[in-house]
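Student: This is protein-v4.cif, which holds mmCIF, C-alpha atoms:
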data_protein
loop_
_atom_site.group_PDB
_atom_site.id
_atom_site.type_symbol
_atom_site.label_atom_id
_atom_site.label_comp_id
_atom_site.auth_asym_id
_atom_site.auth_seq_id
_atom_site.Cartn_x
_atom_site.Cartn_y
_atom_site.Cartn_z
ATOM 1 C CA MET H 161 136.670 118.848 108.506
ATOM 2 C CA LEU H 162 140.086 117.122 108.514
ATOM 3 C CA LEU H 163 139.024 114.806 111.328
ATOM 4 C CA ASP H 164 135.876 113.988 109.328
ATOM 5 C CA ARG H 165 138.075 112.992 106.391
ATOM 6 C CA TYR H 166 140.183 110.752 108.623
ATOM 7 C CA LEU H 167 137.055 109.054 109.983
ATOM 8 C CA LEU H 168 135.642 108.643 106.472
ATOM 9 C CA ALA H 169 138.884 107.046 105.259
ATOM 10 C CA SER H 170 138.941 104.781 108.320
ATOM 11 C CA ARG H 171 135.351 103.674 107.682
ATOM 12 C CA GLY H 172 136.318 102.726 104.135
ATOM 13 C CA PHE H 173 139.155 100.591 105.452
ATOM 14 C CA GLU H 174 136.906 99.057 108.124
ATOM 15 C CA HIS H 175 134.307 98.183 105.479
ATOM 16 C CA HIS H 176 136.831 95.969 103.676
ATOM 17 C CA LEU H 177 138.358 94.706 106.912
ATOM 18 C CA ARG H 178 134.997 93.318 108.003
ATOM 19 C CA ALA H 179 134.852 91.344 104.732
ATOM 20 C CA VAL H 180 138.184 89.521 105.159
ATOM 21 C CA PRO H 181 137.334 85.809 104.947
ATOM 22 C CA PRO H 182 138.886 83.422 107.488
ATOM 23 C CA ASP H 183 141.410 82.254 104.895
ATOM 24 C CA GLY H 184 142.077 85.784 103.591
ATOM 25 C CA TRP H 185 144.584 86.990 106.196
ATOM 26 C CA THR H 186 147.570 85.644 104.278
ATOM 27 C CA ALA H 187 146.488 87.006 100.880
ATOM 28 C CA PRO H 188 149.132 89.195 99.222
ATOM 29 C CA THR H 189 148.592 92.949 98.965
ATOM 30 C CA PRO H 190 149.993 95.582 96.586
ATOM 31 C CA CYS H 191 152.427 96.336 99.438
ATOM 32 C CA SER H 192 154.849 93.571 98.445
ATOM 33 C CA GLU H 193 156.188 92.920 101.952
ATOM 34 C CA TRP H 194 152.732 92.648 103.572
ATOM 35 C CA ASP H 195 149.934 90.166 103.484
ATOM 36 C CA VAL H 196 146.441 91.259 104.573
ATOM 37 C CA ARG H 197 147.145 90.730 108.274
ATOM 38 C CA ALA H 198 150.373 92.754 108.110
ATOM 39 C CA LEU H 199 148.565 95.558 106.261
ATOM 40 C CA VAL H 200 145.782 95.640 108.862
ATOM 41 C CA ASN H 201 148.397 95.611 111.619
ATOM 42 C CA HIS H 202 150.207 98.505 109.916
ATOM 43 C CA MET H 203 147.010 100.537 109.946
ATOM 44 C CA THR H 204 146.118 99.628 113.526
ATOM 45 C CA ARG H 205 149.621 100.109 114.910
ATOM 46 C CA GLY H 206 149.902 103.316 112.884
ATOM 47 C CA ASN H 207 146.811 104.760 114.540
ATOM 48 C CA LEU H 208 148.212 103.896 117.965
ATOM 49 C CA ASN H 209 151.617 105.323 117.057
ATOM 50 C CA TYR H 210 149.999 108.616 116.067
ATOM 51 C CA VAL H 211 148.378 108.754 119.511
ATOM 52 C CA GLY H 212 151.809 108.245 121.033
ATOM 53 C CA MET H 213 153.365 110.842 118.765
ATOM 54 C CA LEU H 214 150.811 113.438 119.874
ATOM 55 C CA ARG H 215 151.767 112.619 123.453
ATOM 56 C CA GLY H 216 155.491 113.105 122.905
ATOM 57 C CA VAL H 217 156.797 109.797 121.535
ATOM 58 C CA THR H 218 159.948 110.370 119.469
ATOM 59 C CA ARG H 219 160.439 109.272 115.879
ATOM 60 C CA GLU H 220 162.781 106.519 117.107
ATOM 61 C CA GLU H 221 160.109 105.178 119.458
ATOM 62 C CA PHE H 222 157.480 105.478 116.695
ATOM 63 C CA LEU H 223 159.643 103.426 114.313
ATOM 64 C CA ALA H 224 160.595 100.872 116.982
ATOM 65 C CA ARG H 225 156.892 100.126 117.583
ATOM 66 C CA ARG H 226 155.837 100.197 113.950
ATOM 67 C CA ASP H 227 155.788 96.414 113.436
ATOM 68 C CA GLU H 228 154.592 95.330 116.910
ATOM 69 C CA ASP H 229 151.437 93.252 116.791
ATOM 70 C CA ALA H 230 148.406 95.391 117.562
ATOM 71 C CA LEU H 231 145.738 92.963 116.365
ATOM 72 C CA GLY H 232 145.745 90.104 118.831
ATOM 73 C CA ASP H 233 142.912 87.659 118.208
ATOM 74 C CA ASP H 234 140.362 90.242 117.058
ATOM 75 C CA PRO H 235 141.682 92.446 114.236
ATOM 76 C CA VAL H 236 138.371 94.241 113.633
ATOM 77 C CA THR H 237 137.981 95.295 117.269
ATOM 78 C CA ALA H 238 141.654 96.246 117.462
ATOM 79 C CA PHE H 239 141.411 98.414 114.358
ATOM 80 C CA THR H 240 138.164 100.147 115.305
ATOM 81 C CA GLY H 241 139.491 100.815 118.799
ATOM 82 C CA SER H 242 142.668 102.313 117.342
ATOM 83 C CA VAL H 243 140.616 104.625 115.103
ATOM 84 C CA ARG H 244 138.617 105.881 118.106
ATOM 85 C CA ALA H 245 141.811 106.421 120.129
ATOM 86 C CA CYS H 246 143.507 108.260 117.256
ATOM 87 C CA ALA H 247 140.489 110.483 116.601
ATOM 88 C CA ALA H 248 140.199 111.294 120.310
ATOM 89 C CA ALA H 249 143.892 112.219 120.491
ATOM 90 C CA PHE H 250 143.525 114.642 117.593
ATOM 91 C CA THR H 251 140.554 116.341 119.275
ATOM 92 C CA GLU H 252 142.500 117.085 122.463
ATOM 93 C CA GLY H 253 143.170 120.766 123.065
ATOM 94 C CA GLY H 254 146.058 122.037 120.949
ATOM 95 C CA ALA H 255 146.679 118.699 119.225
ATOM 96 C CA LEU H 256 146.362 120.081 115.683
ATOM 97 C CA ASP H 257 148.850 122.878 116.345
ATOM 98 C CA ARG H 258 151.335 120.795 118.351
ATOM 99 C CA VAL H 259 154.640 120.092 116.592
ATOM 100 C CA VAL H 260 155.332 116.360 116.607
ATOM 101 C CA ASP H 261 158.403 114.256 115.890
ATOM 102 C CA TYR H 262 157.163 112.362 112.839
ATOM 103 C CA PRO H 263 159.572 109.758 111.393
ATOM 104 C CA PHE H 264 160.172 111.832 108.240
ATOM 105 C CA GLY H 265 160.406 115.266 109.835
ATOM 106 C CA LYS H 266 158.806 117.629 112.295
ATOM 107 C CA LEU H 267 155.263 118.618 111.450
ATOM 108 C CA THR H 268 152.150 119.966 113.088
ATOM 109 C CA GLY H 269 149.404 117.720 114.352
ATOM 110 C CA ARG H 270 147.216 119.083 111.542
ATOM 111 C CA GLN H 271 149.684 117.918 108.894
ATOM 112 C CA ALA H 272 150.171 114.604 110.720
ATOM 113 C CA LEU H 273 146.410 114.008 110.608
ATOM 114 C CA ALA H 274 146.403 114.795 106.881
ATOM 115 C CA VAL H 275 149.239 112.299 106.313
ATOM 116 C CA ARG H 276 147.376 109.697 108.387
ATOM 117 C CA THR H 277 144.237 110.284 106.344
ATOM 118 C CA ALA H 278 146.165 109.905 103.089
ATOM 119 C CA ASP H 279 147.704 106.657 104.348
ATOM 120 C CA SER H 280 144.298 105.361 105.394
ATOM 121 C CA THR H 281 142.789 106.202 102.019
ATOM 122 C CA VAL H 282 145.499 104.574 99.926
ATOM 123 C CA HIS H 283 145.677 101.484 102.127
ATOM 124 C CA THR H 284 141.915 101.108 101.740
ATOM 125 C CA TRP H 285 142.574 100.576 98.044
ATOM 126 C CA ASP H 286 145.379 98.122 98.895
ATOM 127 C CA LEU H 287 143.052 96.080 101.099
ATOM 128 C CA ALA H 288 140.269 96.119 98.509
ATOM 129 C CA ARG H 289 142.717 94.986 95.834
ATOM 130 C CA ALA H 290 143.990 92.161 98.052
ATOM 131 C CA LEU H 291 140.436 90.955 98.672
ATOM 132 C CA GLY H 292 139.260 91.306 95.083
ATOM 133 C CA ALA H 293 136.631 93.779 96.312
ATOM 134 C CA ASP H 294 135.312 97.012 94.830
ATOM 135 C CA GLU H 295 138.351 99.319 94.711
ATOM 136 C CA THR H 296 136.414 102.558 94.346
ATOM 137 C CA LEU H 297 137.610 105.098 96.911
ATOM 138 C CA ASP H 298 135.471 107.919 98.231
ATOM 139 C CA PRO H 299 135.542 110.541 95.438
ATOM 140 C CA GLY H 300 135.747 113.410 97.932
ATOM 141 C CA LEU H 301 138.839 111.905 99.547
ATOM 142 C CA VAL H 302 140.400 111.292 96.143
ATOM 143 C CA ALA H 303 139.739 114.905 95.085
ATOM 144 C CA TRP H 304 141.139 116.285 98.365
ATOM 145 C CA LEU H 305 144.287 114.149 98.145
ATOM 146 C CA ASP H 306 144.793 115.026 94.502
ATOM 147 C CA GLU H 307 144.336 118.766 95.065
ATOM 148 C CA ASP H 308 146.235 119.027 98.382
ATOM 149 C CA TYR H 309 148.943 116.407 97.805
ATOM 150 C CA ASP H 310 151.841 118.884 97.853
ATOM 151 C CA THR H 311 150.565 120.604 101.000
ATOM 152 C CA ILE H 312 149.933 117.316 102.815
ATOM 153 C CA PHE H 313 153.480 116.086 102.243
ATOM 154 C CA ALA H 314 155.287 119.447 102.313
ATOM 155 C CA GLY H 315 158.597 119.391 104.152
ATOM 156 C CA LEU H 316 158.782 115.653 104.708
ATOM 157 C CA ALA H 317 162.212 114.135 104.208
ATOM 158 C CA LEU H 318 160.949 111.235 102.098
ATOM 159 C CA SER H 319 158.381 110.940 99.376
ATOM 160 C CA PRO H 320 155.203 109.150 100.417
ATOM 161 C CA ARG H 321 155.941 106.712 97.605
ATOM 162 C CA PHE H 322 157.319 103.752 99.584
ATOM 163 C CA PHE H 323 156.827 101.164 96.872
ATOM 164 C CA ALA H 324 158.210 100.452 93.425
ATOM 165 C CA GLU H 325 157.770 103.218 90.889
ATOM 166 C CA PRO H 326 154.788 102.286 88.705
ATOM 167 C CA PRO H 327 154.542 103.115 85.048
ATOM 168 C CA PRO H 328 153.021 106.552 84.363
ATOM 169 C CA ALA H 329 149.252 106.770 84.431
ATOM 170 C CA GLU H 330 147.681 106.096 81.076
ATOM 171 C CA PRO H 331 146.187 109.011 79.146
ATOM 172 C CA GLY H 332 142.556 109.276 80.117
ATOM 173 C CA ALA H 333 143.103 107.472 83.432
ATOM 174 C CA SER H 334 140.575 108.250 86.158
ATOM 175 C CA ARG H 335 141.433 110.730 88.881
ATOM 176 C CA GLN H 336 141.643 107.846 91.349
ATOM 177 C CA ASP H 337 144.041 105.903 89.126
ATOM 178 C CA ARG H 338 146.232 108.985 88.601
ATOM 179 C CA LEU H 339 146.325 109.533 92.355
ATOM 180 C CA LEU H 340 147.167 105.911 93.092
ATOM 181 C CA THR H 341 150.013 106.151 90.598
ATOM 182 C CA ARG H 342 151.375 109.139 92.564
ATOM 183 C CA PHE H 343 151.452 106.837 95.593
ATOM 184 C CA GLY H 344 153.419 104.175 93.752
ATOM 185 C CA ARG H 345 150.496 101.889 92.911
ATOM 186 C CA ASP H 346 149.774 100.405 89.520
ATOM 187 C CA PRO H 347 145.986 100.221 89.288
ATOM 188 C CA ARG H 348 146.242 98.646 85.819
ATOM 189 C CA ARG H 349 147.996 95.539 87.123
ATOM 190 C CA ALA H 350 145.618 92.707 87.987
ATOM 191 C CA GLY H 351 145.227 92.091 91.716
#
Show the structure stored in the file as structure tokens.
Tutor:
Amino acid sequence: MLLDRYLLASRGFEHHLRAVPPDGWTAPTPCSEWDVRALVNHMTRGNLNYVGMLRGVTREEFLARRDEDALGDDPVTAFTGSVRACAAAFTEGGALDRVVDYPFGKLTGRQALAVRTADSTVHTWDLARALGADETLDPGLVAWLDEDYDTIFAGLALSPRFFAEPPPAEPGASRQDRLLTRFGRDPRRAG
């Protein structure tokens, strides 16, 4: 079930990735330090770093590799290959119960996969926003993240909110908008 959520989130990201126009790689994203290419690299390198983490890479090694180029000349192929490698690593015997050295604390492979799925879901919105595309996230993923947020991020040293604190969600905001606000996004601000 968790692996299915990861694959669903990754397909959402891939959907938008395949729509990046040739001149769209330098478009700004809601992640103020990243353009579209840097965001796609973050997702691709992240998938590969999770594979390494499941195989014993330390948090220092994970962080040292975080910004290495993983896209080469074919970002779509690089990303889809990284998703397959990450999914395969999480299906290896004992992977979900293995304790890994995540950059923000020790956690099980199961929790690491949940964090990866959350990251993939939220960055799908970031990519859609950067491209001016439909920003609607899968409602099942949104509901799962909203309901299990505290469990997903339990015990981590830092909040998953790595960006500027947005204003509180407006009364009557959609579940997706409330969730995005929890992740430091401001869905009300024009893209």
Student: Just checking: using all atoms listed in the file, which residue out of H:Met213, H:Gly344, H:Thr218, H:Arg205 ends up closest to H:Ala272?
Tutor: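 With all atoms listed in the file as the atom set, the closest residue is H:Met213.
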Student: Between atom CA of H:Thr268 and atom CA of H:Leu256, what is the distance, to one decimal in Å?
Tutor: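 Distance between the two atoms: 6.3 Å.
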Student: What do you get, as JSON, numbers by chain, if you spell out every residue that the PyMOL selection byres ((chain H and resi 275) around 10) selects here?
Tutor: {"H": [166, 269, 270, 271, 272, 273, 274, 276, 277, 278, 279, 280, 281, 305, 309, 311, 312, 313, 320]}
Student: Write the residues you've just listed into a file as a short mmCIF file (atom, residue, chain, number, x, y, z; two decimals), in the frame of the given file, and include C-alpha atoms for each of them.
Tutor:
data_model
loop_
_atom_site.label_atom_id
_atom_site.label_comp_id
_atom_site.auth_asym_id
_atom_site.auth_seq_id
_atom_site.Cartn_x
_atom_site.Cartn_y
_atom_site.Cartn_z
CA TYR H 166 140.18 110.75 108.62
CA GLY H 269 149.40 117.72 114.35
CA ARG H 270 147.22 119.08 111.54
CA GLN H 271 149.68 117.92 108.89
CA ALA H 272 150.17 114.60 110.72
CA LEU H 273 146.41 114.01 110.61
CA ALA H 274 146.40 114.80 106.88
CA ARG H 276 147.38 109.70 108.39
CA THR H 277 144.24 110.28 106.34
CA ALA H 278 146.16 109.90 103.09
CA ASP H 279 147.70 106.66 104.35
CA SER H 280 144.30 105.36 105.39
CA THR H 281 142.79 106.20 102.02
CA LEU H 305 144.29 114.15 98.14
CA TYR H 309 148.94 116.41 97.80
CA THR H 311 150.56 120.60 101.00
CA ILE H 312 149.93 117.32 102.82
CA PHE H 313 153.48 116.09 102.24
CA PRO H 320 155.20 109.15 100.42
#
Student: From the list H:Ala179, H:Asp337, H:Leu316, H:Leu267, which residue is nearest H:Arg349 when using all atoms listed in the file?
Tutor: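 Once distances to H:Arg349 are computed over all atoms listed in the file, the minimum belongs to H:Asp337.
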Student: For the file shown, what are the residues hit by the PyMOL selection byres ((chain H and resi 238) around 12), laid out as a PyMOL selection string?
Tutor: chain H and resi 174+177-178+200-208+229-237+239-245
Student: Looking at only C-alpha atoms, which of H:Glu295, H:Glu220, H:Asp257, H:Asp286 is the one that sits closest to H:Ser192?
Tutor: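 Between H:Glu295, H:Glu220, H:Asp257, H:Asp286, the residue approaching H:Ser192 most closely is H:Asp286.
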Student: If the PyMOL selection byres ((chain H and resi 338) around 12) were run on this exact file, what residues would it hold? Put them as an MDAnalysis selection string.
Tutor: chainID H and resid 302:303 305:307 326:337 339:348
Student: Measure the distance from atom CA of H:Trp185 to atom CA of H:Arg197 in Å and round it to one decimal.
Tutor: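 Computed distance, atom CA of H:Trp185 to atom CA of H:Arg197, equals 5.0 Å.
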Student: Give me, please, the distance in Å between atom CA of H:Gly300 and atom CA of H:Leu287, quoted to one decimal.
Tutor: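 Between these atoms lies a distance of 19.1 Å.
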Student: From the list H:Thr296, H:Thr251, H:Thr284, H:Asn209, which residue is nearest H:Cys191 when using only C-alpha atoms?
Tutor: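 Among the listed residues, the smallest separation from H:Cys191 belongs to H:Thr284.
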Student: Using all atoms listed in the file, which residue out of H:Asp261, H:Asp294, H:Asp310, H:Asp227 lies closest to H:Tyr210?
Tutor: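 Smallest separation from H:Tyr210 among the options: H:Asp261.
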